[in-house]
Amino acid sequence: METSVASAVVDRRANPSGERDLLERADRRELLRYMALMRASEERAITLYRQGKIPGSFYDGCGQEAISVGAAFALAPADRACILHRDLGAHLVRGVTPDRYLANYMGRAGGVTGGKDGNMHFGDRRLGCVGMVSMLPDMASVACGLALAMKMRGEPRVAMTFFGEGSTANGQWHEAMNFAGIHELPVVFVLENNRFAYSTPNELEFAVDPVERARTYGFVGVVVDGNDVEAVFRAATEAVERARSGAGPTLIECQTMRMHGHGAHDDMSYVPAEMRAEWARRDPIERYRSTLLEEHGFSADEIEEILSAVSDEVAAAAEKALAFPMPEPAAAFEGVFAEEFEPLGDGSAPWSRWAHANGDGANGGGPS
Amino acid sequence: METSVASAVVDRRANPSGERDLLERADRRELLRYMALMRASEERAITLYRQGKIPGSFYDGCGQEAISVGAAFALAPADRACILHRDLGAHLVRGVTPDRYLANYMGRAGGVTGGKDGNMHFGDRRLGCVGMVSMLPDMASVACGLALAMKMRGEPRVAMTFFGEGSTANGQWHEAMNFAGIHELPVVFVLENNRFAYSTPNELEFAVDPVERARTYGFVGVVVDGNDVEAVFRAATEAVERARSGAGPTLIECQTMRMHGHGAHDDMSYVPAEMRAEWARRDPIERYRSTLLEEHGFSADEIEEILSAVSDEVAAAAEKALAFPMPEPAAAFEGVFAEEFEPLGDGSAPWSRWAHANGDGANGGGPS
Amino acid sequence: MSAVETRETTQGQGAIRELTYLEAISEALREEMRRDPAVFCLGQDIGAFGGAFKVTDGFYEEFGPQRVLDAPLAESAIIGAAVGAAIEGMRPVCEMQFADFIACGFDQLVNVAAKMHYRQGIAVPMVVRLPSGGGFSGGPFHSQNPEAWFLQVPGLKVVAPATAADAKGLLASAIRDSNPVCFLEHKGMYRSVRGDVPEGEYVVPLGSARVAREGAELTVIAYGSTVAPALQVAEELGEDIEVLDLRSLCPLDTGSILASARKTGKVLVAHEAGQTCGAGAEVAALIAAEAFEDLDAPVRRLTAADVPVPFSPPLEQAVLPQAEDMKEACRELLAY
Amino acid sequence: MSAVETRETTQGQGAIRELTYLEAISEALREEMRRDPAVFCLGQDIGAFGGAFKVTDGFYEEFGPQRVLDAPLAESAIIGAAVGAAIEGMRPVCEMQFADFIACGFDQLVNVAAKMHYRQGIAVPMVVRLPSGGGFSGGPFHSQNPEAWFLQVPGLKVVAPATAADAKGLLASAIRDSNPVCFLEHKGMYRSVRGDVPEGEYVVPLGSARVAREGAELTVIAYGSTVAPALQVAEELGEDIEVLDLRSLCPLDTGSILASARKTGKVLVAHEAGQTCGAGAEVAALIAAEAFEDLDAPVRRLTAADVPVPFSPPLEQAVLPQAEDMKEACRELLAY
Ligand SMILES: Cc1ncc(C[n+]2csc(CCOP(=O)(O)OP(=O)(O)O)c2C)c(N)n1
Ligand SMILES: Cc1ncc(C[n+]2csc(CCOP(=O)(O)OP(=O)(O)O)c2C)c(N)n1
Ligand SMILES: [Mg+2]
Ligand SMILES: [Mg+2]
């Protein structure tokens with residue numbers, strides 16, 4: 001093991017995008033676990049929503065787990081992320097625990113925003129994340145700004161952000177892409193084409209697949225199967241390495257499908273039944289489970305153990321979240337202005353590479 | 001002549017973009033005349049500016065005359081135009097007289113906006129034009145809206161608008177292009193790449209020439225020599241015919257150079273001398289003058305006569321403009337709100353085609 | 001309130017039915033589209049889906065995709081295209097999926113649409129529908145009341161109905177107006193507010209406030225979501241309180257405002273939007289300047305706190321003006 | 001004014017020189033960039049060209065292209081990138097080529113920058129420089145005073161200096177502040193306003209108004225371009241008029257405002273921006289509510305007319321508040 005690990009490490013350095021394997025067995029375990037954790041956490045949240053314990057509206061990323069998990073898995077601790085509303089997996093990978101996610105949905109004091117904001121409008125600053133705003137895709141320019149700061153200071157760090165295909169119709173998207181291209185910023189744009197923007201199908205959002213535009217902004221655009229977590233991870237790793245090495249941005253289009261309504265209130269009546277059925281067969285978690293069984297020598301028991309550990313974790317998280325108090329009304333009047341500046345903290349980076357990479361600067365050498 | 005004209009007309013119908021000649025001798029006269037009229041009017045305006053008769057700032061399109069003249073020359077009376085700040089020629093072609101242009105710059109009651117707005121921020125609604133706003137390139141979406149109305153009503157009419165290459169970096173540009181592509185709107189986008197946005201060179205505006213993007217919005221993008229008035233006219237005619245026939249938008253990039261400062265206050269110190277010299281050799285008016293002499297059998301006298309008529313016209317226009325009174329202060333408080341809706345009028349369409357085309361619906365069959 | 005509504009609706013021709021605020025908006029829009037082929041809708045998910053709040057439910061089937069246009073996620077293009085279409089003789093009605101998103105089309109609204117007629121004499125007959133307001137844990141981005149931004153912009157008309165009848169009558173007027181009109185429809189009232197609405201042609205002119213309750217001791221000036229609480233508070237206090245529902249913020253019915261202020265000498269201005277530079281600031285400043293001699297107490301304002309609207313219920317309730325706060329403010333003024 | 005300036009500048013360390021308003025802004029920016037490597041500028045044509053108004057003239061040579069970043073024609077990207085860079089520890093100073101163009105980056109400013117700390121506890125230390133105001137035939141798109149929009153948005157600080165010393169001191173404070181600050185610099189004052197400014201470190205705290213002239217009979221509350229005319233009018237009338245220069249609109253120095261209003265009992269609020277829901281509405285409403293008992297006359301406002309700022313000189317003069325109008329308003333109030 002030692003040697004193989006060592007050589008694996010070398011391989012990763014030498015040829016991050018090459019044929020040799022970027023992932024160790026433990027990494028694959030984690031990829032499955034994070035996807036399952038996202039699925040289970042969101043399913044638990046839906047139940048809480050149905051029970052009336054979640055105020056406002058509810059959004060999830062069912063069917064898209066491979067994207068946020070696979071992409072975020074490529075990040076180093078000192079990298080930064082602006083995570084969107086279908087991407088709970090990325091929050092989990094960076095270190096947000098399900099209890100704080102559920103608590104945020106319930107508006108509890110223990111939620112990531114302490115009740116100030118709700119549903120997926122959060123990001124844990126102590127984990128290197130800047131929470132999304134609703135206006136889409138405004139975080140794309142913010143990610144460019146994070147990357148600009150890194151570039152100005154000559155830090156080998158990367159900013160990653162996500163957006164849906166519908167958001168690419170917005171001018172904010174264009175301004176961010178164009179700006180990133182001009183300055184060759186170390187930023188990775190993950191485009192989740194889940195076929196719909198709320199009820200609006202691709203053909204009413206754009207005439208040509210937006211990934212085609214990457215080239216016209218001066219950087220690489222790639223398309224991957226968004227339901228294949230390792231494919232997403234490989235594309236993200238290449239993009240992150242490209243950014244870290246100073247070779248500029250990448251736009252990764254992940255082809256997928258939104259398997260739930262836009263929000264819990266949406267019955268998706270506008271989606272053809274065949275389309276749903278076809279994509280159901282491509283469920284990213286089921287697929288990865290088979291991959292692990294068939295190609296990576298995982299046993300059914302091992303996988304069962306992973307999944308049951310996940311459900312135990314989520315059950316405990318729900319208990320914990322429900323135990324959090326609601327915030328004190330007085331808190332509503334605090335925090336409009338900052339008294340002082342405090343830098344973001346670094347996020348978790350579960351990919352085994354970083355364990356091996358300690359101190360070699362691959363964590364970006366940024367604040368940690 | 002009659003027959004040749006007749007056949008010419010037939011040719012134009014049959015094959016607008018083909019090898020056969022779209023232009024009659026009189027048209028060529030007009031193309032030269034409008035370019036010269038734009039040049040002379042702007043030179044006169046600069047003098048007025050230097051004399052302190054023009055308040056605020058001053059902008060012109062010196063060196064870009066072939067673009068606004070050549071593009072607008074392709075329009076039918078019922079077509080609509082949103083004309084930008086380098087495009088006096090398009091206003092002249094649509095029927096704005098130089099005295100009203102000069103008066104607008106001087107803030108006189110006789111100016112197109114009656115003093116409400118200044119410099120190039122005007123458009124004569126009675127001539128089918130919607131004047132530009134400063135925010136660039138906002139008129140692109142407005143032109144899409146004009147085109148959308150035409151399409152909804154099934155009218156064979158076209159909207160044309162202009163913008164500089166710098167404006168393509170703005171989100172408004174992207175939203176307009178994307179919207180036009182989705183709905184295949186009858187709109188023609190004329191992109192004037194004059195190498196600079198104020199002092200900012202192309203390489204700081206975008207990483208890839210924006211004309212490349214047309215395809216990614218689902219329509220045609222073409223590049224023409226923006227200092228060749230007939231080349232611009234041919235490209236515009238093709239684009240207008242394409243739009244009129246329901247085949248959607250076109251983005252025409254006209255390669256040119258801004259030969260004066262961004263405004264009269266700008267000495268262009270940021271432009272390399274060789275670059276200026278090189279483009280000076282490509283002056284669109286000088287070039288067309290030689291073309292007419294060498295290829296179209298115009299005599300030197302004839303051209304002199306055209307040009308001296310132009311300077312007489314401008315001299316008279318300046319007199320007239322200077323005779324207009326300043327507006328009454330009371331006018332400042334009028335017109336914030338409209339009492340009733342009034343449709344735009346149609347513009348002049350000096351291209352001989354329209355004289356021949358009367359009643360054949362080629363004028364768009366719109367309100368006239 | 002119903003008494004007032006009855007007086008209102010007698011202006012209409014058709015029979016009276018009770019509708020929700022949302023049904024009234026829908027009806028006005030549908031009837032205007034039937035009446036005038038130039039009227040069309042433009043917005044995200046308004047077509048086959050019928051809109052995020054179902055205001056255009058069934059429109060796609062009745063009017064087809066051309067007149068119920070599903071727009072891409074691009075507010076500037078929506079407003080800008082509406083401006084162009086309006087200039088060409090159409091009457092676009094844009095829907096912002098939430099009022100908050102007007103910030104994304106702000107430039108087209110304030111610089112292109114609003115200034116068009118003043119600068120060029122070109123009328124821009126368009127309506128921007130703005131589902132606004134909070135109270136249901138919409139959070140900072142789905143609860144905003146942006147009217148004050150518009151009021152600072154000459155050339156925009158701004159209306160904010162508080163009843164189902166006004167929702168119908170004001171939307172009809174807005175669509176027929178020759179100017180850009182910002183139509184604020186409070187999401188919290190969509191289904192909670194119901195009232196008598198006449199069938200068919202029913203128009204409420206822009207620029208006229210409505211005395212929702214007559215009184216002589218104190219005037220509560222409200223609009224949108226604060227009108228119903230004002231009426232309730234007046235009833236509960238059993239005092240001689242007048243409630244003036246502004247309905248239009250621009251044009252502002254300064255005559256009715258000053259008449260009521262002079263009559264009662266005591267005024268509370270109440271709205272859900274934040275306080276600083278809100279509509280209430282303008283109304284209070286107007287009264288303080290023009291009715292100075294007739295005031296028996298300082299003009300008070302009851303508004304949201306100047307913070308983003310938070311998500312969690314206890315926080316949101318602390319921030320948004322509550323009926324109890326209004327009752328307290330009325331008591332203080334009456335006792336002044 | 002100079003008397004007051006002298007008092008002001010004695011707070012500074014360095015020697016006193018006379019600078020123009022524009023030179024003072026430039027100096028503050030240059031000194032902050034020298035002091036703190038995290039400070040950088042972002043805007044159109046600010047690099048080699050030195051900016052449309054030459055505020056960053058020579059910066060490119062001193063600090064290089066990285067810290068004096070020529071931005072594309074994309075205000076949303078400018079504000080958005082500044083937000084991101086600020087969060088990563090930089091201190092971006094964005095220049096809008098004209099304040100009017102903030103409408104094009106509005107969403108990033110009001111929804112992303114302003115709400116960031118409240119929602120997530122993430123500080124966004126950035127400045128947006130806004131060359132604002134009219135008076136030189138800039139027309140409807142180069143003359144706007146957009147401060148009221150910002151004042152309706154919790155989370156934005158807003159300052160508008162009226163003197164060269166304050167321009168330097170307030171910009172230094174804005175850059176050192178941990179929040180988004182909208183810095184309104186009036187184009188008409190760039191070269192027309194000069195005054196004593198201390199060399200080196202000179203900081204004027206945000207949120208404190210300045211008594212530009214002491215008086216007991218009437219208070220003229222002004223900021224930005226209306227301060228100098230107010231002082232001039234006070235001199236010309238030879239009356240006991242106090243002039244309060246707000247300097248900061250958010251935080252607003254309500255203490256100084258109310259103290260002065262209570263002292264004189266008569267207040268004129270004057271600004272160049274339009275009247276409806278302007279900063280003057282807020283100040284007037286505040287005084288009417290809090291100083292009611294001490295008022296001897298109605299609080300008056302002198303502002304631009306609620307129309308777009310027209311281009312032609314006679315029209316523009318009719319629309320923008322003039323010193324003569326101010327004199328007249330003061331006379332009326334004194335005689336009240
Ligand atoms: C600027 C803006 N306009 C409108 C909305 C309302 N809205 C919320 S989600 C959504 C659809 C987004 O589609 P897409 O970008 O494909 O992301 P998805 O939800 O499919 O992951 C819309 C229109 C918004 N959030 N932002
Ligand atoms: C949204 C916006 N931001 C900034 C400006 C200020 N400005 C006026 S002209 C100009 C440069 C425009 O360059 P380009 O689009 O290439 O047109 P050109 O003047 O070169 O014809 C700029 C930045 C503006 N008009 N609009
Ligand atoms: Mg989508
Ligand atoms: Mg240019």
# chains A, B, ... in the order shown; residues from 1 in each chain; ligands from 1
call {"tool": "select_by_dssp", "arguments": {"residues": "range 196-291 of chain B", "states": "strand (DSSP E)", "output": "list in words"}}
result
Phe196, Ala197, Thr200, Pro201, Val220, Gly221, Val222, Val223, Val224, Asp225, Thr250, Leu251, Ile252, Glu253, Cys254 and Gln255 of chain B
call {"tool": "closest_atom_pairs", "arguments": {"of": "chain A", "to": "ligand 3", "cutoff": "8 Å", "atoms": "only C-alpha atoms and all ligand atoms", "output": "tab-separated table"}}
result
residue	atom	partner	partner_atom_place_in_ligand_line	distance
A:Gly164	CA	ligand 3	1 (Mg)	4.5
A:Glu165	CA	ligand 3	1 (Mg)	5.0
A:Gly166	CA	ligand 3	1 (Mg)	5.2
A:Ser167	CA	ligand 3	1 (Mg)	7.6
A:Glu192	CA	ligand 3	1 (Mg)	6.6
A:Asn193	CA	ligand 3	1 (Mg)	5.4
A:Asn194	CA	ligand 3	1 (Mg)	4.6
A:Arg195	CA	ligand 3	1 (Mg)	5.5
A:Phe196	CA	ligand 3	1 (Mg)	4.2
A:Ala197	CA	ligand 3	1 (Mg)	4.1
A:Tyr198	CA	ligand 3	1 (Mg)	6.8
A:Arg258	CA	ligand 3	1 (Mg)	7.3
call {"tool": "residues_near_ligand", "arguments": {"ligand": "ligand 1", "cutoff": "9 Å", "atoms": "only C-alpha atoms and all ligand atoms", "output": "PyMOL selection string"}}
result
(chain A and resi 59+61+84-87+133-138+163-170+172+191-202+205+257-258+262-263) or (chain C and resi 44-45+52+72-75+96-98+100-105+141) or (chain D and resi 107)
call {"tool": "select_by_dssp", "arguments": {"residues": "range 96-205 of chain C", "states": "helix (DSSP H, G or I)", "output": "PyMOL selection string"}}
result
chain C and resi 99-113+116-120+147-151+164-176+187-189
call {"tool": "interface_residues", "arguments": {"of": "chain D", "to": "chain C", "cutoff": "9 Å", "atoms": "only C-alpha atoms", "output": "NGL selection string"}}
result
:D and (100-108 or 110-111 or 114-115 or 118-119 or 140-141 or 146 or 148-155 or 273-286 or 288-293 or 297-301 or 306-308 or 310)
call {"tool": "closest_residue", "arguments": {"among": "D:Ser178, D:Ser132, D:Thr20, D:Ser173", "to": "chain A", "atoms": "only C-alpha atoms"}}
result
D:Ser178
call {"tool": "atom_distance", "arguments": {"atom1": "CA of Cys129 in chain B", "atom2": "CA of His91 in chain B"}}
result
8.2 Å
call {"tool": "atom_distance", "arguments": {"atom1": "CA of Gly58 in chain D", "atom2": "CA of Lys151 in chain A"}}
result
23.4 Å
call {"tool": "residues_around", "arguments": {"residues": "Gly145 in chain A", "least_positions_apart": "4", "cutoff": "8 Å", "atoms": "only C-alpha atoms", "output": "JSON, numbers by chain"}}
result
{"A": [141, 149], "D": [80, 81, 82, 83, 84, 85, 86]}
call {"tool": "write_last_selection", "arguments": {"atoms": "N, CA and C atoms", "output": "tab-separated table (two decimals), in the first residue's frame"}}
result
chain	number	residue	atom	x	y	z
A	141	SER	N	-19.53	36.22	-10.92
A	141	SER	CA	-18.62	37.36	-10.83
A	141	SER	C	-17.91	37.40	-9.49
A	149	ALA	N	-8.23	37.99	-6.64
A	149	ALA	CA	-7.40	38.25	-5.46
A	149	ALA	C	-6.27	37.22	-5.36
D	80	GLY	N	-19.23	42.89	-8.90
D	80	GLY	CA	-19.18	41.50	-8.45
D	80	GLY	C	-17.76	41.03	-8.17
D	81	ALA	N	-16.85	41.37	-9.07
D	81	ALA	CA	-15.45	40.97	-8.85
D	81	ALA	C	-14.88	41.69	-7.63
D	82	ALA	N	-15.30	42.92	-7.44
D	82	ALA	CA	-14.83	43.66	-6.26
D	82	ALA	C	-15.32	42.97	-4.98
D	83	VAL	N	-16.57	42.52	-5.00
D	83	VAL	CA	-17.10	41.82	-3.83
D	83	VAL	C	-16.24	40.59	-3.52
D	84	GLY	N	-15.96	39.81	-4.56
D	84	GLY	CA	-15.16	38.59	-4.36
D	84	GLY	C	-13.76	38.91	-3.87
D	85	ALA	N	-13.13	39.90	-4.49
D	85	ALA	CA	-11.77	40.26	-4.10
D	85	ALA	C	-11.75	40.79	-2.67
D	86	ALA	N	-12.76	41.55	-2.31
D	86	ALA	CA	-12.85	42.09	-0.95
D	86	ALA	C	-12.97	40.96	0.07
call {"tool": "interface_residues", "arguments": {"of": "chain A", "to": "chain D", "cutoff": "7 Å", "atoms": "only C-alpha atoms", "output": "ChimeraX atom specification"}}
result
/A:113,116-117,125,133,138,141-146,148-149,152,172,175-176,335-343
call {"tool": "write_last_selection", "arguments": {"atoms": "C-alpha atoms", "output": "mmCIF file, in the first residue's frame"}}
result
data_model
loop_
_atom_site.group_PDB
_atom_site.id
_atom_site.type_symbol
_atom_site.label_atom_id
_atom_site.label_comp_id
_atom_site.auth_asym_id
_atom_site.auth_seq_id
_atom_site.Cartn_x
_atom_site.Cartn_y
_atom_site.Cartn_z
ATOM 1 C CA THR A 113 -26.847 31.499 8.729
ATOM 2 C CA LYS A 116 -30.804 35.146 8.747
ATOM 3 C CA ASP A 117 -31.180 33.361 5.416
ATOM 4 C CA ARG A 125 -17.319 31.264 5.681
ATOM 5 C CA VAL A 133 -27.662 34.957 -3.547
ATOM 6 C CA ASP A 138 -24.380 36.598 -9.627
ATOM 7 C CA SER A 141 -18.617 37.365 -10.834
ATOM 8 C CA VAL A 142 -17.979 36.979 -7.125
ATOM 9 C CA ALA A 143 -15.998 33.804 -7.858
ATOM 10 C CA CYS A 144 -14.039 35.793 -10.444
ATOM 11 C CA GLY A 145 -13.246 38.299 -7.715
ATOM 12 C CA LEU A 146 -12.040 35.600 -5.342
ATOM 13 C CA LEU A 148 -8.639 37.750 -9.028
ATOM 14 C CA ALA A 149 -7.396 38.251 -5.457
ATOM 15 C CA MET A 152 -2.957 39.263 -7.709
ATOM 16 C CA GLN A 172 -24.161 38.438 -15.291
ATOM 17 C CA GLU A 175 -19.769 39.491 -17.858
ATOM 18 C CA ALA A 176 -18.188 36.938 -15.548
ATOM 19 C CA GLY A 335 -24.994 42.416 11.686
ATOM 20 C CA VAL A 336 -26.150 44.772 8.946
ATOM 21 C CA PHE A 337 -22.668 46.273 9.037
ATOM 22 C CA ALA A 338 -19.344 44.580 9.767
ATOM 23 C CA GLU A 339 -17.248 45.940 12.601
ATOM 24 C CA GLU A 340 -14.070 44.452 11.221
ATOM 25 C CA PHE A 341 -12.788 42.267 8.424
ATOM 26 C CA GLU A 342 -12.237 38.578 9.023
ATOM 27 C CA PRO A 343 -10.825 36.312 6.305
#
call {"tool": "atom_distance", "arguments": {"atom1": "CA of Val127 in chain C", "atom2": "CA of Asp57 in chain C"}}
result
18.5 Å
call {"tool": "interface_residues", "arguments": {"of": "chain B", "to": "chain A", "cutoff": "10 Å", "atoms": "only C-alpha atoms", "output": "VMD selection string"}}
result
chain B and resid 168 to 184 202 to 219
call {"tool": "closest_residue", "arguments": {"among": "D:Val204, D:Val93, D:Leu246, D:Val158", "to": "Val39 in chain D", "atoms": "only C-alpha atoms"}}
result
D:Val93
call {"tool": "residues_around", "arguments": {"residues": "Glu230 in chain A", "least_positions_apart": "2", "cutoff": "12 Å", "atoms": "only C-alpha atoms", "output": "number ranges by chain"}}
result
A: 21-24, 27-32, 35, 65-74, 224-228, 232-237, 254, 284-285, 287-289, 291-292
